[in-house]
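Engineer: Structure: protein_12.txt, compact mmCIF, C-alpha atoms and all ligand atoms.
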# COMPACT_ATOMS: atom_id res chain seq x y z
CA MET K 51 5.20 18.72 45.95
CA ALA K 52 4.37 16.67 42.87
CA LYS K 53 6.41 13.60 42.08
CA LYS K 54 7.95 12.82 38.72
CA THR K 55 6.06 10.11 36.90
CA VAL K 56 6.98 7.48 34.39
CA ALA K 57 5.99 10.00 31.69
CA ASP K 58 8.99 12.12 32.72
CA ILE K 59 11.61 9.43 32.10
CA ASP K 60 13.54 8.64 28.98
CA ALA K 61 12.64 4.98 28.44
CA LYS K 62 14.24 4.17 25.11
CA GLY K 63 16.97 1.57 25.42
CA LYS K 64 16.75 1.70 29.22
CA LYS K 65 16.21 -1.17 31.63
CA VAL K 66 13.34 -0.13 33.85
CA LEU K 67 12.79 -1.89 37.20
CA MET K 68 9.15 -1.50 38.19
CA ARG K 69 7.56 -2.47 41.53
CA VAL K 70 3.95 -3.46 40.88
CA ASP K 71 1.22 -4.91 43.09
CA PHE K 72 0.37 -8.25 41.49
CA ASN K 73 -0.87 -9.67 44.79
CA VAL K 74 -3.96 -11.12 43.09
CA PRO K 75 -6.60 -13.28 44.79
CA GLN K 76 -6.48 -16.98 43.81
CA ASP K 77 -8.70 -20.00 44.44
CA ASP K 78 -7.49 -23.25 46.04
CA GLU K 79 -6.16 -24.48 42.70
CA GLY K 80 -4.18 -21.31 42.10
CA ASN K 81 -6.53 -19.85 39.47
CA ILE K 82 -6.59 -16.06 39.50
CA THR K 83 -10.08 -14.99 40.63
CA SER K 84 -9.64 -11.28 39.85
CA ASP K 85 -7.01 -9.78 37.56
CA ASP K 86 -7.97 -6.26 38.56
CA ARG K 87 -4.56 -5.49 40.01
CA ILE K 88 -2.79 -6.62 36.84
CA VAL K 89 -5.18 -4.62 34.66
CA LYS K 90 -4.62 -1.48 36.75
CA ALA K 91 -0.85 -1.68 36.18
CA LEU K 92 -1.18 -1.95 32.39
CA PRO K 93 -1.09 1.78 31.52
CA THR K 94 2.33 2.21 33.16
CA ILE K 95 3.66 -1.06 31.73
CA LYS K 96 2.51 -0.21 28.19
CA ASN K 97 3.92 3.29 28.42
CA VAL K 98 7.43 1.97 29.07
CA LEU K 99 7.24 -0.77 26.44
CA ASP K 100 5.73 1.52 23.78
CA ARG K 101 8.62 3.93 24.24
CA GLY K 102 11.24 1.23 23.76
CA GLY K 103 12.13 0.47 27.38
CA ALA K 104 12.95 -3.03 28.61
CA LEU K 105 10.83 -3.79 31.65
CA ILE K 106 11.71 -5.79 34.75
CA LEU K 107 8.60 -6.24 36.88
CA MET K 108 8.70 -7.26 40.55
CA SER K 109 5.91 -7.99 43.03
CA HIS K 110 4.99 -10.02 46.06
CA LEU K 111 2.14 -12.54 46.17
CA GLY K 112 0.58 -13.68 49.44
CA ARG K 113 2.61 -14.37 52.53
CA PRO K 114 5.17 -17.11 51.86
CA GLU K 115 7.61 -17.74 54.71
CA GLY K 116 10.66 -16.16 53.08
CA ALA K 117 11.52 -19.20 50.97
CA ARG K 118 10.35 -20.74 47.69
CA ASP K 119 6.78 -22.06 48.01
CA GLU K 120 4.97 -23.22 44.86
CA ALA K 121 1.61 -22.09 46.25
CA TYR K 122 2.80 -18.51 45.86
CA THR K 123 4.61 -18.55 42.53
CA LEU K 124 3.97 -15.59 40.23
CA LYS K 125 4.03 -17.86 37.17
CA PRO K 126 0.21 -17.73 36.66
CA VAL K 127 0.44 -13.94 36.87
CA ALA K 128 3.05 -13.92 34.08
CA GLU K 129 0.68 -15.95 31.93
CA ARG K 130 -2.28 -13.65 32.59
CA LEU K 131 -0.18 -10.55 31.97
CA SER K 132 0.97 -12.07 28.70
CA GLN K 133 -2.67 -12.56 27.61
CA LEU K 134 -3.58 -9.02 28.64
CA LEU K 135 -0.60 -7.47 26.85
CA GLY K 136 -0.87 -9.71 23.81
CA LYS K 137 2.85 -10.39 23.97
CA LYS K 138 5.25 -12.80 25.56
CA VAL K 139 6.16 -12.16 29.18
CA ILE K 140 9.49 -13.70 30.14
CA PHE K 141 9.37 -15.27 33.61
CA ALA K 142 12.38 -15.71 35.90
CA ASN K 143 12.26 -18.67 38.28
CA ASP K 144 14.08 -16.68 40.94
CA THR K 145 14.34 -13.07 42.05
CA ILE K 146 18.04 -12.21 42.25
CA GLY K 147 19.38 -15.67 41.33
CA PRO K 148 21.11 -16.92 38.18
CA ASP K 149 17.92 -17.30 36.13
CA ALA K 150 16.85 -13.69 36.81
CA LYS K 151 20.36 -12.39 36.12
CA SER K 152 20.80 -14.11 32.78
CA LYS K 153 17.32 -13.14 31.64
CA VAL K 154 17.84 -9.51 32.67
CA LYS K 155 21.12 -9.49 30.75
CA ALA K 156 19.43 -10.76 27.58
CA LEU K 157 16.54 -8.24 27.76
CA LYS K 158 16.00 -6.14 24.67
CA SER K 159 14.07 -2.97 24.02
CA GLY K 160 10.31 -3.71 24.28
CA ASP K 161 10.81 -6.96 26.27
CA VAL K 162 9.04 -7.58 29.56
CA LEU K 163 10.32 -9.82 32.32
CA LEU K 164 8.57 -10.74 35.58
CA LEU K 165 10.76 -11.79 38.50
CA GLU K 166 9.59 -14.54 40.87
CA ASN K 167 7.80 -13.55 44.12
CA LEU K 168 9.90 -11.06 46.07
CA ARG K 169 8.81 -12.64 49.34
CA PHE K 170 10.58 -15.90 48.49
CA ASN K 171 13.52 -13.85 49.79
CA LYS K 172 13.08 -13.16 53.48
CA GLU K 173 15.12 -9.95 53.13
CA GLU K 174 12.21 -8.29 51.31
CA VAL K 175 10.12 -7.87 54.45
CA ILE K 176 12.81 -7.04 57.03
CA LYS K 177 11.54 -3.91 58.75
CA ASP K 178 13.94 -0.99 59.10
CA LYS K 179 13.06 -0.67 62.79
CA ASP K 180 14.00 -4.33 63.39
CA ALA K 181 17.24 -3.89 61.43
CA LYS K 182 18.20 -0.81 63.43
CA ASP K 183 20.13 -2.61 66.15
CA LYS K 184 20.91 -5.70 64.11
CA PRO K 185 23.71 -5.07 61.58
CA ASP K 186 23.24 -8.56 60.07
CA LEU K 187 19.66 -7.83 59.15
CA ARG K 188 20.56 -4.40 57.82
CA THR K 189 23.30 -5.85 55.61
CA ALA K 190 21.07 -8.65 54.37
CA LYS K 191 18.31 -6.23 53.37
CA ASP K 192 20.77 -3.82 51.73
CA ASN K 193 22.50 -6.59 49.78
CA PHE K 194 19.20 -7.93 48.48
CA ALA K 195 18.18 -4.42 47.39
CA LYS K 196 21.57 -3.83 45.73
CA GLU K 197 21.19 -6.96 43.61
CA LEU K 198 17.79 -5.75 42.40
CA ALA K 199 18.98 -2.18 41.87
CA ALA K 200 21.95 -3.36 39.79
CA MET K 201 19.57 -4.77 37.19
CA ALA K 202 18.26 -1.43 35.97
CA ASP K 203 18.83 2.19 34.90
CA VAL K 204 15.48 3.49 36.13
CA TYR K 205 13.18 2.71 39.09
CA VAL K 206 9.39 2.99 38.86
CA ASP K 207 7.02 2.43 41.78
CA ASP K 208 3.42 1.67 40.85
CA ALA K 209 2.49 -0.54 43.83
CA PHE K 210 0.09 1.65 45.81
CA GLY K 211 -1.09 -1.33 47.86
CA THR K 212 2.34 -1.63 49.52
CA ALA K 213 3.23 2.09 49.53
CA HIS K 214 2.93 2.26 53.33
CA ARG K 215 5.56 -0.47 53.85
CA ASP K 216 9.33 -0.23 54.07
CA ASN K 217 9.93 -3.44 52.10
CA ALA K 218 13.32 -3.73 50.38
CA SER K 219 11.76 -3.39 46.91
CA MET K 220 9.77 -0.33 47.96
CA LEU K 221 12.24 1.70 49.99
CA THR K 222 15.75 0.23 49.99
CA VAL K 223 15.97 -0.28 46.22
CA PRO K 224 15.17 3.36 45.37
CA ALA K 225 17.50 4.46 48.18
CA VAL K 226 20.32 2.45 46.61
CA MET K 227 19.45 3.81 43.15
CA GLN K 228 19.98 7.43 44.18
CA GLY K 229 21.32 9.36 41.19
CA LYS K 230 19.30 7.33 38.72
CA PRO K 231 15.73 8.33 37.79
CA ARG K 232 13.22 7.11 40.43
CA VAL K 233 9.59 7.87 39.69
CA ILE K 234 5.98 6.89 40.36
CA GLY K 235 3.71 5.11 37.86
CA PHE K 236 0.29 6.24 36.69
CA LEU K 237 -1.62 4.16 39.22
CA ILE K 238 0.10 5.77 42.20
CA GLU K 239 -0.20 9.17 40.54
CA LYS K 240 -3.97 8.67 40.26
CA GLU K 241 -4.34 7.41 43.84
CA LEU K 242 -2.35 10.32 45.29
CA LYS K 243 -4.27 12.84 43.25
CA PHE K 244 -7.68 11.40 44.02
CA LEU K 245 -7.16 10.74 47.71
CA GLY K 246 -5.15 13.93 48.25
CA ASP K 247 -7.53 16.31 46.46
CA THR K 248 -10.56 14.77 48.08
CA ILE K 249 -9.28 14.91 51.63
CA ASN K 250 -7.60 18.27 51.37
CA ASN K 251 -10.12 20.22 49.28
CA PRO K 252 -13.49 18.62 49.96
CA VAL K 253 -16.74 20.08 48.69
CA ARG K 254 -19.18 20.07 51.62
CA PRO K 255 -21.07 18.40 53.16
CA PHE K 256 -18.18 15.97 53.63
CA VAL K 257 -19.34 12.65 55.10
CA ALA K 258 -17.22 9.76 56.34
CA ILE K 259 -18.72 6.28 56.60
CA LEU K 260 -16.77 4.01 58.90
CA GLY K 261 -17.33 0.39 59.75
CA GLY K 262 -15.58 -2.93 59.67
CA ALA K 263 -14.14 -5.20 62.24
CA LYS K 264 -12.22 -3.19 64.82
CA VAL K 265 -12.11 0.27 66.33
CA SER K 266 -8.48 -0.32 67.24
CA ASP K 267 -7.55 -0.67 63.52
CA LYS K 268 -9.15 2.62 62.69
CA ILE K 269 -8.65 4.96 65.64
CA GLY K 270 -6.10 6.94 63.63
CA VAL K 271 -8.48 7.33 60.72
CA ILE K 272 -11.31 8.48 62.97
CA GLU K 273 -9.07 10.94 64.82
CA SER K 274 -7.88 12.44 61.58
CA LEU K 275 -11.29 12.59 59.87
CA ILE K 276 -13.06 14.19 62.86
CA ASN K 277 -11.11 17.34 62.02
CA LYS K 278 -12.09 17.31 58.38
CA VAL K 279 -15.60 15.99 57.87
CA ASN K 280 -19.06 17.37 58.73
CA ARG K 281 -20.54 13.99 59.64
CA ILE K 282 -19.38 10.51 60.52
CA VAL K 283 -21.66 7.54 60.12
CA ILE K 284 -20.50 4.53 62.16
CA GLY K 285 -21.59 0.94 61.58
CA GLY K 286 -19.96 -2.50 61.57
CA ALA K 287 -18.53 -4.17 64.65
CA MET K 288 -16.81 -0.95 65.69
CA ALA K 289 -20.18 0.68 66.35
CA TYR K 290 -20.71 -1.48 69.45
CA THR K 291 -17.63 -0.18 71.21
CA PHE K 292 -18.98 3.35 70.67
CA LEU K 293 -22.52 2.40 71.74
CA LYS K 294 -21.19 0.76 74.90
CA ALA K 295 -19.09 3.86 75.61
CA ARG K 296 -22.39 5.78 75.52
CA GLY K 297 -23.95 3.45 78.06
CA LYS K 298 -25.92 1.17 75.75
CA ALA K 299 -26.13 -2.58 76.32
CA VAL K 300 -24.52 -4.44 73.43
CA GLY K 301 -25.15 -8.06 74.47
CA ASP K 302 -22.59 -10.41 72.97
CA SER K 303 -21.69 -8.10 70.08
CA ARG K 304 -18.07 -7.73 69.15
CA CYS K 305 -16.73 -4.99 71.37
CA GLU K 306 -13.25 -3.82 72.34
CA ASP K 307 -13.62 -2.94 76.00
CA ASN K 308 -10.07 -1.65 76.29
CA PHE K 309 -10.86 0.96 73.61
CA MET K 310 -14.10 2.14 75.19
CA ASP K 311 -12.55 5.15 76.92
CA LYS K 312 -10.89 6.17 73.69
CA ALA K 313 -14.18 5.77 71.81
CA GLY K 314 -15.91 8.00 74.38
CA GLU K 315 -13.17 10.62 74.03
CA LEU K 316 -13.52 10.60 70.26
CA LEU K 317 -17.27 11.17 70.54
CA ASP K 318 -16.69 14.09 72.94
CA ARG K 319 -14.07 15.60 70.66
CA ALA K 320 -16.35 15.26 67.63
CA ALA K 321 -19.10 17.10 69.52
CA GLN K 322 -16.69 19.96 70.36
CA LEU K 323 -15.65 20.18 66.72
CA ASN K 324 -19.26 20.25 65.54
CA CYS K 325 -18.77 17.00 63.70
CA GLU K 326 -22.04 15.06 63.81
CA VAL K 327 -21.62 11.38 64.69
CA LEU K 328 -24.33 8.83 63.91
CA LEU K 329 -24.49 5.42 65.59
CA PRO K 330 -27.05 2.75 64.63
CA PRO K 331 -30.34 3.13 66.57
CA ASP K 332 -31.26 -0.48 65.73
CA ASN K 333 -29.37 -3.61 64.75
CA ALA K 334 -29.86 -7.08 63.31
CA VAL K 335 -28.90 -9.58 66.03
CA VAL K 336 -28.33 -13.34 66.11
CA ARG K 337 -27.67 -15.89 68.83
CA LYS K 338 -24.98 -17.55 66.78
CA LEU K 339 -23.33 -16.21 63.66
CA GLN K 340 -23.71 -18.73 60.86
CA PRO K 341 -25.34 -18.92 57.44
CA GLY K 342 -29.12 -19.22 57.78
CA ALA K 343 -29.00 -18.03 61.41
CA GLU K 344 -32.32 -16.85 62.79
CA HIS K 345 -32.19 -13.13 63.45
CA ARG K 346 -34.27 -10.32 64.86
CA ILE K 347 -34.06 -6.54 65.03
CA ALA K 348 -33.05 -5.03 68.36
CA VAL K 349 -33.95 -1.39 68.87
CA GLY K 350 -31.58 0.33 71.31
CA ASP K 351 -30.18 -2.06 73.91
CA ILE K 352 -29.12 -5.55 72.85
CA ASP K 353 -29.99 -8.45 75.17
CA PRO K 354 -27.37 -10.80 76.60
CA GLY K 355 -26.90 -13.87 74.38
CA TRP K 356 -27.50 -11.85 71.20
CA GLN K 357 -24.84 -10.49 68.89
CA ALA K 358 -25.22 -7.63 66.38
CA VAL K 359 -24.23 -8.61 62.87
CA ASP K 360 -25.64 -5.71 60.84
CA ILE K 361 -27.22 -2.31 61.30
CA GLY K 362 -31.03 -2.39 61.39
CA PRO K 363 -33.58 -0.91 58.96
CA MET K 364 -34.04 2.29 60.96
CA ALA K 365 -30.27 2.82 60.99
CA ALA K 366 -30.12 2.14 57.26
CA ARG K 367 -32.77 4.83 56.66
CA GLU K 368 -31.11 7.39 58.94
CA PHE K 369 -27.67 6.73 57.47
CA THR K 370 -29.00 6.94 53.92
CA ALA K 371 -30.59 10.33 54.65
CA LYS K 372 -27.24 11.62 55.94
CA ILE K 373 -25.36 10.32 52.89
CA VAL K 374 -27.46 11.18 49.84
CA ASP K 375 -26.98 14.96 50.12
CA ALA K 376 -23.21 14.70 50.65
CA LYS K 377 -20.83 16.24 48.13
CA THR K 378 -17.75 14.35 49.32
CA ILE K 379 -17.81 10.83 50.76
CA VAL K 380 -15.07 8.66 52.18
CA TRP K 381 -16.04 5.11 53.08
CA ASN K 382 -14.05 2.49 54.88
CA GLY K 383 -15.46 -0.67 56.42
CA PRO K 384 -18.70 -2.60 55.84
CA MET K 385 -21.78 -2.01 58.03
CA GLY K 386 -22.15 -5.67 58.97
CA VAL K 387 -21.08 -9.21 58.21
CA PHE K 388 -21.84 -8.66 54.50
CA GLU K 389 -20.26 -11.99 53.56
CA ILE K 390 -23.29 -13.78 55.06
CA PRO K 391 -26.62 -12.57 53.60
CA PRO K 392 -29.02 -11.24 54.76
CA PHE K 393 -26.48 -9.42 56.93
CA ASP K 394 -25.37 -7.51 53.85
CA LYS K 395 -28.52 -5.37 53.96
CA GLY K 396 -27.01 -2.44 55.86
CA THR K 397 -23.89 -2.39 53.69
CA LYS K 398 -26.08 -2.57 50.61
CA ALA K 399 -28.29 0.33 51.73
CA VAL K 400 -25.25 2.47 52.45
CA ALA K 401 -23.58 1.48 49.17
CA GLN K 402 -26.72 2.44 47.26
CA ALA K 403 -26.86 5.77 49.07
CA VAL K 404 -23.24 6.44 48.14
CA ALA K 405 -23.98 5.50 44.51
CA LYS K 406 -26.98 7.85 44.50
CA ALA K 407 -25.01 10.75 45.94
CA THR K 408 -22.29 10.11 43.37
CA GLN K 409 -24.85 10.18 40.59
CA LYS K 410 -25.94 13.60 41.91
CA GLY K 411 -22.37 14.87 41.63
CA ALA K 412 -20.65 13.86 44.87
CA LYS K 413 -17.07 12.62 44.80
CA SER K 414 -16.94 9.25 46.52
CA ILE K 415 -13.96 7.21 47.62
CA VAL K 416 -13.97 3.69 48.96
CA GLY K 417 -10.83 2.37 50.67
CA GLY K 418 -10.18 -0.93 52.44
CA GLY K 419 -9.97 -4.43 51.01
CA ASP K 420 -13.25 -5.79 52.40
CA SER K 421 -15.15 -2.60 51.58
CA ALA K 422 -13.93 -2.79 47.98
CA SER K 423 -15.02 -6.41 47.70
CA ALA K 424 -18.41 -5.58 49.24
CA ILE K 425 -18.90 -2.95 46.51
CA GLU K 426 -17.93 -5.47 43.86
CA GLN K 427 -20.21 -8.12 45.34
CA LEU K 428 -23.05 -5.60 45.04
CA GLY K 429 -22.06 -4.73 41.46
CA LEU K 430 -21.76 -1.02 42.29
CA GLN K 431 -18.10 -0.51 41.37
CA ASP K 432 -18.97 1.70 38.37
CA LYS K 433 -21.11 3.98 40.52
CA ILE K 434 -18.33 5.06 42.89
CA SER K 435 -15.86 7.78 41.85
CA HIS K 436 -12.78 5.99 43.10
CA ILE K 437 -12.14 2.60 44.65
CA SER K 438 -8.67 2.68 46.07
CA THR K 439 -6.40 -0.24 45.22
CA GLY K 440 -4.57 0.11 48.52
CA GLY K 441 -6.25 -1.47 51.54
CA GLY K 442 -3.82 -0.64 54.34
CA ALA K 443 -2.20 2.08 52.27
CA SER K 444 -5.43 4.00 51.71
CA LEU K 445 -6.20 3.75 55.43
CA GLU K 446 -2.81 5.20 56.32
CA PHE K 447 -3.38 7.92 53.75
CA LEU K 448 -6.69 8.79 55.42
CA GLU K 449 -4.83 8.92 58.73
CA GLY K 450 -2.65 11.60 57.19
CA LYS K 451 0.52 9.49 57.39
CA LYS K 452 3.43 10.04 55.03
CA PHE K 453 4.69 7.26 52.82
CA LYS K 454 8.48 7.02 53.00
CA ALA K 455 8.58 4.82 49.91
CA ILE K 456 7.00 7.60 47.86
CA ASP K 457 8.72 10.52 49.62
CA ILE K 458 12.11 9.20 48.53
CA LEU K 459 11.24 9.35 44.80
CA ASP K 460 12.14 12.26 42.49
CA GLU K 461 10.26 15.54 42.65
CA LYS K 462 9.17 17.39 39.49
P1 LIG W 1 -11.79 -3.10 55.33
O1 LIG W 1 -11.00 -4.28 54.83
O2 LIG W 1 -12.72 -2.56 54.30
O3 LIG W 1 -10.90 -2.04 55.93
P2 LIG W 1 -12.31 -4.37 57.86
O4 LIG W 1 -11.26 -5.36 57.56
O5 LIG W 1 -12.08 -3.39 58.94
O6 LIG W 1 -12.76 -3.61 56.51
O7 LIG W 1 -13.65 -5.12 58.29
C1 LIG W 1 -14.32 -6.06 57.50
C2 LIG W 1 -14.86 -7.17 58.31
O8 LIG W 1 -15.66 -6.71 59.38
C3 LIG W 1 -15.74 -8.07 57.48
O9 LIG W 1 -15.15 -9.35 57.40
C4 LIG W 1 -17.06 -8.12 58.25
O10 LIG W 1 -17.64 -9.40 58.31
C5 LIG W 1 -16.65 -7.67 59.63
N1 LIG W 1 -17.79 -7.11 60.37
C6 LIG W 1 -18.54 -6.06 60.02
N2 LIG W 1 -19.53 -5.87 60.91
C7 LIG W 1 -19.40 -6.83 61.86
C8 LIG W 1 -20.11 -7.16 63.04
N3 LIG W 1 -21.18 -6.46 63.45
N4 LIG W 1 -19.68 -8.22 63.78
C9 LIG W 1 -18.60 -8.92 63.38
N5 LIG W 1 -17.87 -8.65 62.27
C10 LIG W 1 -18.27 -7.62 61.51
MG MG W 2 -10.12 -5.94 55.87
Starting from the file, give its structure as structure tokens.
Ligand code: ADP
Ligand code: MG
Structural biologist:
Amino acid sequence: MAKKTVADIDAKGKKVLMRVDFNVPQDDEGNITSDDRIVKALPTIKNVLDRGGALILMSHLGRPEGARDEAYTLKPVAERLSQLLGKKVIFANDTIGPDAKSKVKALKSGDVLLLENLRFNKEEVIKDKDAKDKPDLRTAKDNFAKELAAMADVYVDDAFGTAHRDNASMLTVPAVMQGKPRVIGFLIEKELKFLGDTINNPVRPFVAILGGAKVSDKIGVIESLINKVNRIVIGGAMAYTFLKARGKAVGDSRCEDNFMDKAGELLDRAAQLNCEVLLPPDNAVVRKLQPGAEHRIAVGDIDPGWQAVDIGPMAAREFTAKIVDAKTIVWNGPMGVFEIPPFDKGTKAVAQAVAKATQKGAKSIVGGGDSASAIEQLGLQDKISHISTGGGASLEFLEGKKFKAIDILDEK
């Protein structure tokens, strides 16, 4: 069922409380190194302001310990947003405190206010499951949400990156605001449409590319995709758990021994389902992982004392051949330690294959924080159909999980 969007609300003269994902990366001095997340929220923000709404924006930034911490203030974000919008952004020095309250009260049509980091209030991240048997926690979370909810006439959620969480601002606030309009923004609308259409109505061949650090993080994704795709290409550290499950020696490569049985089962199940699985036939290996490390290519078994840090050239060629003719591609997880060249070669080869397939008409989706930054590092972001803004959220979407925070919002 389709959700109502911000386009369906009457904004004029209304106070609109909008959850955004302004969790931007910053350098050691607090300078914003990418304003991508702010830019992606602009269409929804402008829509409300252009139609005469007064906007109250709320977000988290980083992982402060539930109390004020200057390293995580959203003040620089307010400044950048102000530059991007070409208008003043009012900033509240607290979230539900006196400064926020008086500034919310004074808001006029077309004004925009950003509240201070939600996570300066520990109530924001109380999990519903932890609050279940602890009435104090439940009350604290509810009270925090009620204070936020009382600020506005309308609730908008455009924070796809946190859509899989049950944070107070994501789930409790809209629950409290029942009876008032509660809708999604354009960014979430686009993510749901793109991810949903692609997974549910794929043009074939449908190829999944999986890599990254751990099998254990991605078991759910693999289990779900095995039923949907024609091929799975596996690289990254997770490949070595699968290779070991198939009896190969993996030397000192990262490997999760306690997931080996599961990895073997998944390979068997894929075979039954006629889903082709490709593991790297060769790998770049080092004795010690560090910049400038001497490396060699190991074909097949990896000797003790050596650790795989990237797929090898043969693997890159085989994987490329299985990707370029795809019509639908989902990619999560780099093929190697792409942060340390030359161990970005495998990831680069795969990224170029995805770009080529996309150019030939395939629909390609990249999810996962490190995968998205690998694509950016390679300058290929314009050659992919959709780079999801939600790291964990896009993974859970690929697993087929439901998002409570979105489910609760109004249907069309
Ligand atoms: P994403 O954020 O895209 O979901 P992950 O977080 O699962 O991806 O994995 C990314 C990390 O995996 C990167 O930091 C990368 O260095 C690491 N990685 C990839 N291949 C290997 C490998 N062979 N050995 C160790 N780490 C690896
Ligand atoms: Mg990651």
Engineer: Given a cut-off of 9 Å, what residues near ligand LIG 1 (chain W) show up using all atoms listed in the file, put as a PDB file with C-alpha atoms, keeping the file's coordinate frame?
Structural biologist:
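See selection_17.pdb below for the written result:
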ATOM      1  CA  LEU K 260     -16.770   4.010  58.900  1.00  0.00           C
ATOM      2  CA  GLY K 261     -17.330   0.390  59.750  1.00  0.00           C
ATOM      3  CA  GLY K 262     -15.580  -2.930  59.670  1.00  0.00           C
ATOM      4  CA  ALA K 263     -14.140  -5.200  62.240  1.00  0.00           C
ATOM      5  CA  LYS K 264     -12.220  -3.190  64.820  1.00  0.00           C
ATOM      6  CA  VAL K 265     -12.110   0.270  66.330  1.00  0.00           C
ATOM      7  CA  ASP K 267      -7.550  -0.670  63.520  1.00  0.00           C
ATOM      8  CA  LYS K 268      -9.150   2.620  62.690  1.00  0.00           C
ATOM      9  CA  GLY K 285     -21.590   0.940  61.580  1.00  0.00           C
ATOM     10  CA  GLY K 286     -19.960  -2.500  61.570  1.00  0.00           C
ATOM     11  CA  ALA K 287     -18.530  -4.170  64.650  1.00  0.00           C
ATOM     12  CA  MET K 288     -16.810  -0.950  65.690  1.00  0.00           C
ATOM     13  CA  ALA K 289     -20.180   0.680  66.350  1.00  0.00           C
ATOM     14  CA  TYR K 290     -20.710  -1.480  69.450  1.00  0.00           C
ATOM     15  CA  SER K 303     -21.690  -8.100  70.080  1.00  0.00           C
ATOM     16  CA  ARG K 304     -18.070  -7.730  69.150  1.00  0.00           C
ATOM     17  CA  CYS K 305     -16.730  -4.990  71.370  1.00  0.00           C
ATOM     18  CA  ASN K 333     -29.370  -3.610  64.750  1.00  0.00           C
ATOM     19  CA  ALA K 334     -29.860  -7.080  63.310  1.00  0.00           C
ATOM     20  CA  VAL K 335     -28.900  -9.580  66.030  1.00  0.00           C
ATOM     21  CA  LEU K 339     -23.330 -16.210  63.660  1.00  0.00           C
ATOM     22  CA  GLN K 357     -24.840 -10.490  68.890  1.00  0.00           C
ATOM     23  CA  ALA K 358     -25.220  -7.630  66.380  1.00  0.00           C
ATOM     24  CA  VAL K 359     -24.230  -8.610  62.870  1.00  0.00           C
ATOM     25  CA  ASP K 360     -25.640  -5.710  60.840  1.00  0.00           C
ATOM     26  CA  ILE K 361     -27.220  -2.310  61.300  1.00  0.00           C
ATOM     27  CA  TRP K 381     -16.040   5.110  53.080  1.00  0.00           C
ATOM     28  CA  ASN K 382     -14.050   2.490  54.880  1.00  0.00           C
ATOM     29  CA  GLY K 383     -15.460  -0.670  56.420  1.00  0.00           C
ATOM     30  CA  PRO K 384     -18.700  -2.600  55.840  1.00  0.00           C
ATOM     31  CA  MET K 385     -21.780  -2.010  58.030  1.00  0.00           C
ATOM     32  CA  GLY K 386     -22.150  -5.670  58.970  1.00  0.00           C
ATOM     33  CA  VAL K 387     -21.080  -9.210  58.210  1.00  0.00           C
ATOM     34  CA  PHE K 388     -21.840  -8.660  54.500  1.00  0.00           C
ATOM     35  CA  GLU K 389     -20.260 -11.990  53.560  1.00  0.00           C
ATOM     36  CA  ILE K 390     -23.290 -13.780  55.060  1.00  0.00           C
ATOM     37  CA  PHE K 393     -26.480  -9.420  56.930  1.00  0.00           C
ATOM     38  CA  VAL K 416     -13.970   3.690  48.960  1.00  0.00           C
ATOM     39  CA  GLY K 417     -10.830   2.370  50.670  1.00  0.00           C
ATOM     40  CA  GLY K 418     -10.180  -0.930  52.440  1.00  0.00           C
ATOM     41  CA  GLY K 419      -9.970  -4.430  51.010  1.00  0.00           C
ATOM     42  CA  ASP K 420     -13.250  -5.790  52.400  1.00  0.00           C
ATOM     43  CA  SER K 421     -15.150  -2.600  51.580  1.00  0.00           C
ATOM     44  CA  ALA K 422     -13.930  -2.790  47.980  1.00  0.00           C
ATOM     45  CA  SER K 423     -15.020  -6.410  47.700  1.00  0.00           C
ATOM     46  CA  ALA K 424     -18.410  -5.580  49.240  1.00  0.00           C
ATOM     47  CA  GLY K 441      -6.250  -1.470  51.540  1.00  0.00           C
ATOM     48  CA  GLY K 442      -3.820  -0.640  54.340  1.00  0.00           C
ATOM     49  CA  LEU K 445      -6.200   3.750  55.430  1.00  0.00           C
TER      50      LEU K 445
END
Engineer: Tell me, as a list in words, which residues lie within 10 Å of Gly229 in chain K, counting all atoms listed in the file; anything in the same chain fewer than 5 positions away does not count.
Structural biologist: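 These residues fall inside the cut-off: Asp203, Val204, Pro224 and Asp460 of chain K.
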Engineer: What is the CA of Glu326 in chain K to CA of Glu446 in chain K distance in Å?
Structural biologist: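 Between these atoms lies a distance of 22.9 Å.
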Engineer: Please report the interatomic distance between CA of Gly362 in chain K and CA of Val400 in chain K in Å with one decimal.
Structural biologist: 11.7 Å
Engineer: List the spatial neighbours of Arg215 in chain K as a count of residues only - criterion: any atom at most 10 Å away, only C-alpha atoms, same-chain residues fewer than 6 positions off excluded.
Structural biologist: 9
Engineer: Rank K:Asp208, K:Asp77, K:Asp71, K:Asp302 by their smallest atom-to-atom distance to Gly235 in chain K, using only C-alpha atoms, and report the top residue only.
Structural biologist: K:Asp208
Engineer: Which residues come within 12 Å of Glu197 in chain K, counting all atoms listed in the file, excluding same-chain residues fewer than 3 positions away, as a ChimeraX atom specification?
Structural biologist: /K:67,145-148,150-151,154,173-174,190-194,200-202,218-219,222-223,226-227
Engineer: Report, in Å with one decimal, the straight-line distance from CA of Asp216 in chain K to CA of Ile437 in chain K.
Structural biologist: 23.6 Å
Engineer: List the neighbours of range 311-313 of chain K out to 8 Å using all atoms listed in the file; skip same-chain residues closer than 2 positions along the sequence, and give me the result as an MDAnalysis selection string.
Structural biologist: chainID K and resid 291:292 295 308:309 315:317
